[in-house]
file my_file.csv (CSV, C-alpha atoms)
chain,number,residue,atom,x,y,z
D,1,MET,CA,16.6,-42.9,-12.6
D,2,PRO,CA,19.1,-41.1,-10.3
D,3,PHE,CA,18.4,-41.6,-6.6
D,4,SER,CA,18.4,-37.8,-6.1
D,5,VAL,CA,18.8,-34.6,-8.1
D,6,ARG,CA,22.3,-34.2,-6.6
D,7,ALA,CA,23.6,-37.2,-8.5
D,8,ALA,CA,22.9,-35.5,-11.9
D,9,LEU,CA,23.0,-31.8,-11.0
D,10,GLU,CA,25.0,-29.5,-13.3
D,11,GLN,CA,25.8,-25.9,-12.6
D,12,PHE,CA,27.4,-23.0,-14.4
D,13,THR,CA,27.5,-19.2,-14.2
D,14,LEU,CA,26.6,-16.4,-16.6
D,15,PRO,CA,27.2,-12.7,-16.3
D,16,HIS,CA,24.4,-10.8,-14.8
D,17,PRO,CA,22.5,-8.6,-17.3
D,18,SER,CA,23.4,-5.5,-15.3
D,19,GLY,CA,27.1,-6.2,-15.8
D,20,GLU,CA,27.6,-6.6,-12.1
D,21,GLY,CA,28.2,-10.0,-10.7
D,22,ALA,CA,27.0,-13.3,-12.0
D,23,LEU,CA,24.0,-15.6,-12.0
D,24,THR,CA,24.2,-19.2,-11.0
D,25,VAL,CA,22.4,-21.6,-13.3
D,26,SER,CA,21.5,-25.0,-12.0
D,27,VAL,CA,20.2,-27.7,-14.4
D,28,ALA,CA,18.6,-31.0,-13.5
D,29,PRO,CA,18.4,-33.3,-16.6
D,30,PRO,CA,15.3,-35.4,-17.1
D,31,ALA,CA,15.1,-38.3,-14.8
D,32,GLY,CA,13.4,-40.6,-17.3
D,33,PRO,CA,13.9,-41.6,-20.9
D,34,MET,CA,14.0,-38.7,-23.3
D,35,PRO,CA,12.9,-38.4,-26.9
D,36,ASP,CA,15.5,-37.4,-29.5
D,37,SER,CA,14.3,-33.8,-29.5
D,38,GLY,CA,11.6,-31.5,-28.2
D,39,VAL,CA,12.2,-32.1,-24.5
D,40,PRO,CA,10.4,-29.4,-22.4
D,41,VAL,CA,12.4,-27.0,-20.2
D,42,LEU,CA,11.1,-25.5,-17.0
D,43,TYR,CA,12.8,-22.2,-16.0
D,44,VAL,CA,12.5,-21.5,-12.3
D,45,VAL,CA,13.3,-18.0,-11.1
D,46,ASP,CA,14.3,-17.7,-7.4
D,47,GLY,CA,16.4,-20.8,-8.0
D,48,ASP,CA,18.1,-20.5,-4.6
D,49,LEU,CA,14.8,-21.3,-3.0
D,50,LEU,CA,12.8,-23.3,-5.5
D,51,PHE,CA,15.1,-25.1,-7.9
D,52,GLY,CA,15.8,-28.0,-5.6
D,53,MET,CA,12.1,-28.4,-4.8
D,54,ALA,CA,11.2,-28.3,-8.5
D,55,ALA,CA,13.9,-30.7,-9.5
D,56,GLU,CA,13.0,-33.3,-6.9
D,57,ILE,CA,9.3,-33.1,-7.8
D,58,ALA,CA,10.2,-33.5,-11.5
D,59,ARG,CA,12.4,-36.6,-10.6
D,60,ALA,CA,9.6,-38.1,-8.5
D,61,VAL,CA,6.7,-37.7,-10.9
D,62,SER,CA,8.8,-38.8,-13.9
D,63,SER,CA,8.8,-42.2,-12.3
D,64,VAL,CA,5.5,-42.3,-10.4
D,65,ALA,CA,3.1,-40.4,-12.5
D,66,ALA,CA,4.7,-40.9,-16.0
D,67,PHE,CA,5.1,-37.2,-16.6
D,68,PRO,CA,7.0,-36.4,-19.8
D,69,ALA,CA,10.7,-36.1,-19.2
D,70,HIS,CA,11.8,-32.4,-18.8
D,71,TYR,CA,14.7,-30.3,-17.9
D,72,VAL,CA,14.5,-28.1,-14.8
D,73,VAL,CA,16.7,-24.9,-14.9
D,74,GLY,CA,17.0,-22.7,-11.8
D,75,ILE,CA,18.4,-19.2,-11.9
D,76,GLY,CA,19.8,-17.9,-8.7
D,77,TYR,CA,22.5,-15.8,-7.0
D,78,ASP,CA,24.4,-18.1,-4.6
D,79,ALA,CA,24.2,-15.2,-2.0
D,80,ALA,CA,23.4,-14.8,1.6
D,81,TYR,CA,19.6,-14.6,2.3
D,82,ALA,CA,19.5,-10.9,3.1
D,83,ASP,CA,21.4,-10.2,-0.2
D,84,PHE,CA,19.2,-12.7,-2.1
D,85,LEU,CA,16.0,-10.8,-1.1
D,86,LYS,CA,17.4,-7.6,-2.5
D,87,LEU,CA,18.8,-9.1,-5.7
D,88,ARG,CA,15.6,-10.9,-6.5
D,89,THR,CA,13.6,-7.6,-6.0
D,90,ALA,CA,15.9,-5.8,-8.4
D,91,ASP,CA,15.5,-8.5,-11.1
D,92,LEU,CA,11.9,-9.7,-10.8
D,93,THR,CA,10.0,-6.4,-10.5
D,94,PRO,CA,8.8,-3.7,-12.9
D,95,PRO,CA,9.6,-0.2,-11.7
D,96,ILE,CA,7.7,1.1,-8.7
D,97,GLY,CA,6.7,4.7,-8.0
D,98,VAL,CA,8.1,6.6,-5.0
D,99,GLU,CA,4.7,6.8,-3.3
D,100,ALA,CA,3.9,3.1,-3.7
D,101,LEU,CA,7.4,2.3,-2.4
D,102,GLU,CA,6.8,4.4,0.7
D,103,LYS,CA,3.5,2.7,1.4
D,104,LEU,CA,5.4,-0.6,1.8
D,105,GLY,CA,7.0,0.7,5.0
D,106,GLY,CA,9.4,-1.6,6.6
D,107,LEU,CA,8.8,-4.3,3.9
D,108,ALA,CA,10.5,-2.1,1.4
D,109,ALA,CA,13.7,-2.1,3.4
D,110,ALA,CA,13.6,-5.8,4.0
D,111,ILE,CA,13.3,-6.7,0.4
D,112,GLY,CA,15.5,-3.9,-1.0
D,113,GLY,CA,12.7,-2.2,-2.7
D,114,ASP,CA,14.8,0.8,-3.6
D,115,ARG,CA,16.6,-1.4,-6.2
D,116,ASN,CA,13.8,-2.4,-8.5
D,117,GLY,CA,12.6,-2.4,-12.1
D,118,GLY,CA,14.9,-4.9,-13.7
D,119,ALA,CA,12.1,-7.3,-15.0
D,120,ASP,CA,12.5,-6.4,-18.7
D,121,ALA,CA,16.2,-6.8,-18.6
D,122,PHE,CA,15.9,-10.1,-16.7
D,123,LEU,CA,13.4,-11.4,-19.1
D,124,ALA,CA,15.6,-10.5,-22.0
D,125,PHE,CA,18.5,-12.4,-20.3
D,126,LEU,CA,16.3,-15.5,-20.0
D,127,THR,CA,15.2,-15.5,-23.6
D,128,ASP,CA,18.3,-14.1,-25.4
D,129,THR,CA,21.2,-15.3,-23.3
D,130,LEU,CA,20.2,-18.3,-21.1
D,131,ARG,CA,17.9,-20.1,-23.5
D,132,PRO,CA,20.5,-20.3,-26.3
D,133,GLU,CA,23.1,-21.5,-23.7
D,134,ILE,CA,20.7,-24.2,-22.6
D,135,ALA,CA,20.0,-25.2,-26.2
D,136,ALA,CA,23.8,-25.4,-26.9
D,137,ARG,CA,24.5,-27.5,-23.8
D,138,TYR,CA,21.4,-29.7,-24.1
D,139,PRO,CA,20.5,-30.1,-27.8
D,140,LYS,CA,17.4,-32.2,-27.1
D,141,ALA,CA,15.9,-29.2,-25.3
D,142,ALA,CA,16.4,-26.8,-28.2
D,143,GLU,CA,13.0,-27.3,-29.8
D,144,GLY,CA,11.1,-28.3,-26.6
D,145,PRO,CA,8.3,-26.2,-25.0
D,146,GLN,CA,9.8,-23.4,-22.9
D,147,ILE,CA,8.0,-23.0,-19.5
D,148,LEU,CA,8.4,-20.2,-17.0
D,149,PHE,CA,7.7,-20.7,-13.3
D,150,GLY,CA,7.7,-17.9,-10.7
D,151,HIS,CA,6.3,-17.6,-7.2
D,152,SER,CA,5.5,-14.4,-5.2
D,153,LEU,CA,7.6,-11.7,-6.8
D,154,GLY,CA,8.6,-14.4,-9.2
D,155,GLY,CA,4.9,-14.8,-9.9
D,156,LEU,CA,4.7,-11.1,-10.6
D,157,PHE,CA,7.6,-11.5,-13.0
D,158,ALA,CA,5.8,-14.4,-14.8
D,159,ALA,CA,2.7,-12.3,-15.1
D,160,HIS,CA,4.7,-9.3,-16.4
D,161,ALA,CA,6.4,-11.5,-18.9
D,162,LEU,CA,3.1,-12.9,-20.1
D,163,LEU,CA,1.4,-9.5,-20.4
D,164,THR,CA,4.3,-7.7,-22.2
D,165,ARG,CA,5.9,-10.6,-24.2
D,166,PRO,CA,3.3,-13.4,-24.4
D,167,ASP,CA,5.4,-15.1,-27.1
D,168,SER,CA,8.4,-15.4,-24.9
D,169,PHE,CA,7.3,-18.8,-23.3
D,170,ALA,CA,4.9,-21.5,-24.3
D,171,VAL,CA,3.6,-21.8,-20.8
D,172,PHE,CA,3.5,-19.3,-17.9
D,173,ILE,CA,3.0,-20.5,-14.3
D,174,ALA,CA,2.3,-17.4,-12.1
D,175,SER,CA,2.2,-18.8,-8.6
D,176,SER,CA,0.9,-16.5,-5.8
D,177,PRO,CA,1.7,-13.5,-8.0
D,178,SER,CA,2.5,-10.2,-6.2
D,179,LEU,CA,0.1,-8.3,-8.4
D,180,TRP,CA,-0.1,-5.6,-5.6
D,181,TRP,CA,3.4,-4.3,-6.6
D,182,ASN,CA,3.3,-0.6,-7.5
D,183,GLY,CA,-0.4,-0.4,-6.6
D,184,PHE,CA,-1.5,-3.1,-9.0
D,185,ALA,CA,0.0,-1.1,-11.9
D,186,ILE,CA,0.7,-4.4,-13.8
D,187,LEU,CA,-3.1,-4.6,-14.6
D,188,GLY,CA,-2.6,-1.6,-16.8
D,189,GLU,CA,-0.9,-3.9,-19.3
D,190,LEU,CA,-4.1,-5.9,-19.9
D,191,PRO,CA,-5.6,-3.8,-22.8
D,192,ALA,CA,-2.3,-4.1,-24.7
D,193,PHE,CA,-2.0,-7.8,-23.8
D,194,GLY,CA,-5.3,-8.5,-25.6
D,195,GLU,CA,-3.9,-6.9,-28.7
D,196,ARG,CA,-0.6,-8.8,-28.5
D,197,LEU,CA,-2.5,-12.0,-27.9
D,198,ALA,CA,-4.7,-11.5,-30.9
D,199,ALA,CA,-1.6,-11.1,-33.1
D,200,LEU,CA,0.0,-14.3,-32.1
D,201,PRO,CA,-0.1,-17.4,-34.4
D,202,ARG,CA,-0.3,-19.6,-31.3
D,203,GLN,CA,-1.4,-18.5,-27.8
D,204,PRO,CA,0.6,-19.4,-24.6
D,205,ARG,CA,-1.0,-21.5,-21.9
D,206,VAL,CA,-1.3,-20.0,-18.5
D,207,PHE,CA,-1.6,-21.4,-14.9
D,208,VAL,CA,-2.4,-19.0,-12.1
D,209,ASP,CA,-2.6,-20.2,-8.5
D,210,VAL,CA,-2.7,-18.9,-5.0
D,211,GLY,CA,-3.0,-20.4,-1.5
D,212,ALA,CA,-6.6,-20.1,-0.3
D,213,LYS,CA,-5.3,-18.9,3.1
D,214,GLU,CA,-3.2,-16.1,1.8
D,215,GLN,CA,-5.6,-13.4,2.9
D,216,GLU,CA,-5.7,-14.6,6.5
D,217,LEU,CA,-4.1,-12.0,8.8
D,218,PRO,CA,-0.9,-13.1,10.4
D,219,THR,CA,-0.5,-13.2,14.2
D,220,SER,CA,3.3,-12.8,14.1
D,221,VAL,CA,6.1,-11.9,11.7
D,222,PRO,CA,9.2,-14.1,10.9
D,223,ASP,CA,12.4,-13.4,12.8
D,224,GLY,CA,14.9,-11.2,10.9
D,225,ILE,CA,12.4,-9.2,9.0
D,226,ALA,CA,12.1,-5.6,10.1
D,227,VAL,CA,8.3,-5.3,9.7
D,228,THR,CA,5.9,-4.8,12.5
D,229,LEU,CA,2.8,-7.0,12.9
D,230,GLU,CA,0.6,-4.1,12.1
D,231,GLU,CA,2.5,-3.4,8.9
D,232,ALA,CA,2.3,-7.0,7.9
D,233,GLN,CA,-1.4,-7.2,8.5
D,234,ALA,CA,-1.9,-4.0,6.5
D,235,GLN,CA,0.1,-5.4,3.6
D,236,ILE,CA,-2.0,-8.6,3.6
D,237,ARG,CA,-5.2,-6.5,3.4
D,238,ALA,CA,-3.8,-4.3,0.6
D,239,ALA,CA,-2.4,-7.2,-1.4
D,240,ARG,CA,-5.7,-9.1,-1.7
D,241,MET,CA,-3.7,-12.1,-2.8
D,242,VAL,CA,-6.6,-14.6,-3.3
D,243,ASP,CA,-9.1,-12.1,-4.8
D,244,ALA,CA,-6.4,-10.5,-7.0
D,245,ALA,CA,-5.3,-13.8,-8.4
D,246,ARG,CA,-8.9,-14.8,-9.3
D,247,GLU,CA,-9.6,-11.4,-10.8
D,248,PHE,CA,-6.4,-11.5,-12.8
D,249,ALA,CA,-7.4,-14.9,-14.2
D,250,ASP,CA,-10.8,-13.6,-15.1
D,251,SER,CA,-9.2,-10.6,-16.9
D,252,LEU,CA,-6.9,-12.9,-18.9
D,253,ARG,CA,-10.0,-14.8,-20.1
D,254,ASP,CA,-11.7,-11.6,-21.0
D,255,ALA,CA,-8.7,-10.6,-23.0
D,256,GLY,CA,-9.1,-13.7,-25.1
D,257,LEU,CA,-6.7,-16.2,-23.5
D,258,ALA,CA,-8.1,-19.6,-24.4
D,259,GLU,CA,-6.0,-22.1,-22.3
D,260,LEU,CA,-6.0,-21.0,-18.6
D,261,SER,CA,-6.2,-22.8,-15.3
D,262,HIS,CA,-6.8,-21.0,-12.0
D,263,ILE,CA,-6.5,-22.7,-8.7
D,264,ALA,CA,-6.8,-21.6,-5.1
D,265,PHE,CA,-5.1,-24.4,-3.1
D,266,ALA,CA,-7.3,-25.2,-0.1
D,267,GLY,CA,-5.5,-25.2,3.2
D,268,ASP,CA,-2.3,-23.6,1.8
D,269,ASP,CA,-0.7,-20.2,2.6
D,270,HIS,CA,1.8,-18.2,0.7
D,271,VAL,CA,4.7,-20.6,1.5
D,272,SER,CA,3.0,-23.9,1.2
D,273,ALA,CA,1.4,-22.9,-2.1
D,274,ALA,CA,4.8,-23.1,-3.9
D,275,PRO,CA,5.3,-26.9,-4.0
D,276,ALA,CA,1.7,-27.4,-4.9
D,277,ALA,CA,2.0,-24.9,-7.7
D,278,ILE,CA,5.1,-26.7,-9.1
D,279,LEU,CA,3.4,-30.1,-9.1
D,280,HIS,CA,0.0,-28.9,-10.5
D,281,GLY,CA,1.5,-26.2,-12.7
D,282,MET,CA,3.8,-28.8,-14.4
D,283,ARG,CA,0.9,-31.2,-14.8
D,284,PHE,CA,-0.9,-28.5,-16.6
D,285,ALA,CA,2.1,-27.4,-18.6
D,286,LEU,CA,3.0,-31.0,-19.7
D,287,GLY,CA,-0.5,-31.8,-20.8
D,288,HIS,CA,-1.9,-33.7,-17.8
D,289,GLY,CA,-5.1,-32.2,-16.5
D,290,ARG,CA,-5.7,-29.5,-19.1

call {"tool": "encode", "arguments": {"input": "my_file.csv", "output": "structure tokens"}}
result
Amino acid sequence: MPFSVRAALEQFTLPHPSGEGALTVSVAPPAGPMPDSGVPVLYVVDGDLLFGMAAEIARAVSSVAAFPAHYVVGIGYDAAYADFLKLRTADLTPPIGVEALEKLGGLAAAIGGDRNGGADAFLAFLTDTLRPEIAARYPKAAEGPQILFGHSLGGLFAAHALLTRPDSFAVFIASSPSLWWNGFAILGELPAFGERLAALPRQPRVFVDVGAKEQELPTSVPDGIAVTLEEAQAQIRAARMVDAAREFADSLRDAGLAELSHIAFAGDDHVSAAPAAILHGMRFALGHGR
């Protein structure tokens, strides 16, 4: 087993689906022995932030916990942080209405909310462009389970992908999903989701998580983000992260989803929930702790 992910890391670029710029794709091959085919692939959006974490967790548990070997694929931008925030908003979100955008106040400017609505195009990129590229480069992954992980706006993206194209991945991990986007408009997809789900020969498996402390009001805001404390507290109240994640999971069950795990991580907030979600989400995805 490689001592670290860096020893085996592979990277390449692909054109962005918008036709502007490129996306950086990072791949961590399985750390342990692989079967000849059918190796699972974990796709991690927000790769600039989360790929390294996911890859190191995969390396560690492949040895310690005997998790099945799997590829970790991160999709990122290789951009400065301020630009990254805006690029991810453009790619990971469904469209947002003008009124809902205005209600975000300073947060909208911080995350580049005026550039939004690229979720469908980004999902098509993952399934129609990136997935065949991964299969060509790593043939053992061609027939393996395809797993999508997203956190925060990435969790919103995973939820959107699940509701609109439930056949696009075998497992969806929606971590701390920003369901509040556009006034919780994503929940309007639930009736059609039930119909799509019923038509599938095989249902996806779904993991929804949140940090149990995500509805606690902040006492300060991070440096470099042009949001007042009052705006931040108002957004926390409106987002209802913990309650919304639970209600979303309940709605998925009501729609007929059979294999679903919902967890509120005790003691974790929005940031610290991410590594917990990777570990426990992959345990669920790979068949440990169903």

call {"tool": "atom_distance", "arguments": {"input": "my_file.csv", "atom1": "atom CA of Ala136 of chain D", "atom2": "atom CA of Phe122 of chain D"}}
result
20.0 Å

call {"tool": "residues_near_point", "arguments": {"input": "my_file.csv", "point": "(-5.6, -8.7, -10.7)", "cutoff": "7 Å", "atoms": "only C-alpha atoms", "output": "count of residues only"}}
result
6

call {"tool": "residues_near_point", "arguments": {"input": "my_file.csv", "point": "(17.3, -23.4, -18.4)", "cutoff": "9 Å", "atoms": "only C-alpha atoms", "output": "ChimeraX atom specification"}}
result
/D:25-27,41-44,71-75,126,130-131,133-135,146

call {"tool": "residues_around", "arguments": {"input": "my_file.csv", "residues": "Ser176 of chain D", "least_positions_apart": "4", "cutoff": "12 Å", "atoms": "all atoms listed in the file", "output": "PyMOL selection string"}}
result
chain D and resi 149-159+180+207-215+239-246+248-249+262-265+268-278+281

call {"tool": "write_last_selection", "arguments": {"input": "my_file.csv", "atoms": "C-alpha atoms", "output": "CSV table (one decimal), in the coordinates of the input"}}
result
chain,number,residue,atom,x,y,z
D,149,PHE,CA,7.7,-20.7,-13.3
D,150,GLY,CA,7.7,-17.9,-10.7
D,151,HIS,CA,6.3,-17.6,-7.2
D,152,SER,CA,5.5,-14.4,-5.2
D,153,LEU,CA,7.6,-11.7,-6.8
D,154,GLY,CA,8.6,-14.4,-9.2
D,155,GLY,CA,4.9,-14.8,-9.9
D,156,LEU,CA,4.7,-11.1,-10.6
D,157,PHE,CA,7.6,-11.5,-13.0
D,158,ALA,CA,5.8,-14.4,-14.8
D,159,ALA,CA,2.7,-12.3,-15.1
D,180,TRP,CA,-0.1,-5.6,-5.6
D,207,PHE,CA,-1.6,-21.4,-14.9
D,208,VAL,CA,-2.4,-19.0,-12.1
D,209,ASP,CA,-2.6,-20.2,-8.5
D,210,VAL,CA,-2.7,-18.9,-5.0
D,211,GLY,CA,-3.0,-20.4,-1.5
D,212,ALA,CA,-6.6,-20.1,-0.3
D,213,LYS,CA,-5.3,-18.9,3.1
D,214,GLU,CA,-3.2,-16.1,1.8
D,215,GLN,CA,-5.6,-13.4,2.9
D,239,ALA,CA,-2.4,-7.2,-1.4
D,240,ARG,CA,-5.7,-9.1,-1.7
D,241,MET,CA,-3.7,-12.1,-2.8
D,242,VAL,CA,-6.6,-14.6,-3.3
D,243,ASP,CA,-9.1,-12.1,-4.8
D,244,ALA,CA,-6.4,-10.5,-7.0
D,245,ALA,CA,-5.3,-13.8,-8.4
D,246,ARG,CA,-8.9,-14.8,-9.3
D,248,PHE,CA,-6.4,-11.5,-12.8
D,249,ALA,CA,-7.4,-14.9,-14.2
D,262,HIS,CA,-6.8,-21.0,-12.0
D,263,ILE,CA,-6.5,-22.7,-8.7
D,264,ALA,CA,-6.8,-21.6,-5.1
D,265,PHE,CA,-5.1,-24.4,-3.1
D,268,ASP,CA,-2.3,-23.6,1.8
D,269,ASP,CA,-0.7,-20.2,2.6
D,270,HIS,CA,1.8,-18.2,0.7
D,271,VAL,CA,4.7,-20.6,1.5
D,272,SER,CA,3.0,-23.9,1.2
D,273,ALA,CA,1.4,-22.9,-2.1
D,274,ALA,CA,4.8,-23.1,-3.9
D,275,PRO,CA,5.3,-26.9,-4.0
D,276,ALA,CA,1.7,-27.4,-4.9
D,277,ALA,CA,2.0,-24.9,-7.7
D,278,ILE,CA,5.1,-26.7,-9.1
D,281,GLY,CA,1.5,-26.2,-12.7

call {"tool": "residues_around", "arguments": {"input": "my_file.csv", "residues": "Pro218 of chain D", "least_positions_apart": "2", "cutoff": "9 Å", "atoms": "only C-alpha atoms", "output": "VMD selection string"}}
result
chain D and resid 215 to 216 220 to 221 229 232 to 233 236

call {"tool": "atom_distance", "arguments": {"input": "my_file.csv", "atom1": "atom CA of Glu10 of chain D", "atom2": "atom CA of Gly47 of chain D"}}
result
13.3 Å

call {"tool": "atom_distance", "arguments": {"input": "my_file.csv", "atom1": "atom CA of Arg115 of chain D", "atom2": "atom CA of Thr164 of chain D"}}
result
21.1 Å

call {"tool": "residues_around", "arguments": {"input": "my_file.csv", "residues": "Pro94 of chain D", "least_positions_apart": "2", "cutoff": "8 Å", "atoms": "all atoms listed in the file", "output": "list in words"}}
result
Leu92, Ile96, Asn116, Gly117, Gly118, Ala119, Asp120, Phe157 and His160 of chain D

call {"tool": "closest_residue", "arguments": {"input": "my_file.csv", "among": "D:Glu259, D:Glu56, D:Glu195, D:Asp78", "to": "Phe12 of chain D", "atoms": "all atoms listed in the file"}}
result
D:Asp78

call {"tool": "residues_around", "arguments": {"input": "my_file.csv", "residues": "Met34 of chain D", "least_positions_apart": "5", "cutoff": "9 Å", "atoms": "all atoms listed in the file", "output": "number ranges by chain"}}
result
D: 39, 68-70, 140

call {"tool": "decode", "arguments": {"input": "my_file.csv", "residues": "segment 135-152 of chain D", "atoms": "N, CA and C atoms", "output": "PDB file, in the first residue's frame"}}
result
ATOM      1  N   ALA D 135     -13.331   5.017 -17.330  1.00  0.00           N
ATOM      2  CA  ALA D 135     -13.406   3.618 -17.753  1.00  0.00           C
ATOM      3  C   ALA D 135     -12.303   3.273 -18.748  1.00  0.00           C
ATOM      4  N   ALA D 136     -11.975   4.220 -19.638  1.00  0.00           N
ATOM      5  CA  ALA D 136     -10.926   3.979 -20.624  1.00  0.00           C
ATOM      6  C   ALA D 136      -9.545   3.937 -19.977  1.00  0.00           C
ATOM      7  N   ARG D 137      -9.330   4.814 -19.009  1.00  0.00           N
ATOM      8  CA  ARG D 137      -8.026   4.881 -18.344  1.00  0.00           C
ATOM      9  C   ARG D 137      -7.853   3.780 -17.301  1.00  0.00           C
ATOM     10  N   TYR D 138      -8.947   3.369 -16.691  1.00  0.00           N
ATOM     11  CA  TYR D 138      -8.891   2.387 -15.600  1.00  0.00           C
ATOM     12  C   TYR D 138      -9.938   1.299 -15.880  1.00  0.00           C
ATOM     13  N   PRO D 139      -9.620   0.349 -16.754  1.00  0.00           N
ATOM     14  CA  PRO D 139     -10.618  -0.631 -17.203  1.00  0.00           C
ATOM     15  C   PRO D 139     -11.271  -1.432 -16.077  1.00  0.00           C
ATOM     16  N   LYS D 140     -10.560  -1.644 -14.973  1.00  0.00           N
ATOM     17  CA  LYS D 140     -11.155  -2.412 -13.876  1.00  0.00           C
ATOM     18  C   LYS D 140     -12.328  -1.679 -13.231  1.00  0.00           C
ATOM     19  N   ALA D 141     -12.404  -0.366 -13.482  1.00  0.00           N
ATOM     20  CA  ALA D 141     -13.496   0.429 -12.911  1.00  0.00           C
ATOM     21  C   ALA D 141     -14.706   0.509 -13.829  1.00  0.00           C
ATOM     22  N   ALA D 142     -14.584  -0.022 -15.033  1.00  0.00           N
ATOM     23  CA  ALA D 142     -15.631   0.188 -16.041  1.00  0.00           C
ATOM     24  C   ALA D 142     -16.989  -0.335 -15.596  1.00  0.00           C
ATOM     25  N   GLU D 143     -17.015  -1.477 -14.926  1.00  0.00           N
ATOM     26  CA  GLU D 143     -18.289  -2.082 -14.538  1.00  0.00           C
ATOM     27  C   GLU D 143     -18.551  -1.973 -13.038  1.00  0.00           C
ATOM     28  N   GLY D 144     -17.747  -1.211 -12.335  1.00  0.00           N
ATOM     29  CA  GLY D 144     -17.922  -1.092 -10.893  1.00  0.00           C
ATOM     30  C   GLY D 144     -19.036  -0.139 -10.513  1.00  0.00           C
ATOM     31  N   PRO D 145     -19.544  -0.249  -9.288  1.00  0.00           N
ATOM     32  CA  PRO D 145     -20.569   0.690  -8.813  1.00  0.00           C
ATOM     33  C   PRO D 145     -20.060   2.129  -8.876  1.00  0.00           C
ATOM     34  N   GLN D 146     -20.889   3.018  -9.362  1.00  0.00           N
ATOM     35  CA  GLN D 146     -20.545   4.433  -9.474  1.00  0.00           C
ATOM     36  C   GLN D 146     -21.205   5.181  -8.311  1.00  0.00           C
ATOM     37  N   ILE D 147     -20.395   5.885  -7.530  1.00  0.00           N
ATOM     38  CA  ILE D 147     -20.853   6.512  -6.288  1.00  0.00           C
ATOM     39  C   ILE D 147     -20.600   8.013  -6.373  1.00  0.00           C
ATOM     40  N   LEU D 148     -21.588   8.810  -6.023  1.00  0.00           N
ATOM     41  CA  LEU D 148     -21.454  10.267  -6.050  1.00  0.00           C
ATOM     42  C   LEU D 148     -21.450  10.809  -4.631  1.00  0.00           C
ATOM     43  N   PHE D 149     -20.431  11.635  -4.326  1.00  0.00           N
ATOM     44  CA  PHE D 149     -20.357  12.299  -3.021  1.00  0.00           C
ATOM     45  C   PHE D 149     -20.329  13.807  -3.218  1.00  0.00           C
ATOM     46  N   GLY D 150     -21.167  14.508  -2.457  1.00  0.00           N
ATOM     47  CA  GLY D 150     -21.134  15.965  -2.446  1.00  0.00           C
ATOM     48  C   GLY D 150     -21.480  16.485  -1.070  1.00  0.00           C
ATOM     49  N   HIS D 151     -20.841  17.582  -0.685  1.00  0.00           N
ATOM     50  CA  HIS D 151     -21.064  18.186   0.629  1.00  0.00           C
ATOM     51  C   HIS D 151     -21.475  19.643   0.450  1.00  0.00           C
ATOM     52  N   SER D 152     -22.446  20.093   1.238  1.00  0.00           N
ATOM     53  CA  SER D 152     -22.927  21.478   1.216  1.00  0.00           C
ATOM     54  C   SER D 152     -23.618  21.746  -0.130  1.00  0.00           C
TER      55      SER D 152
END
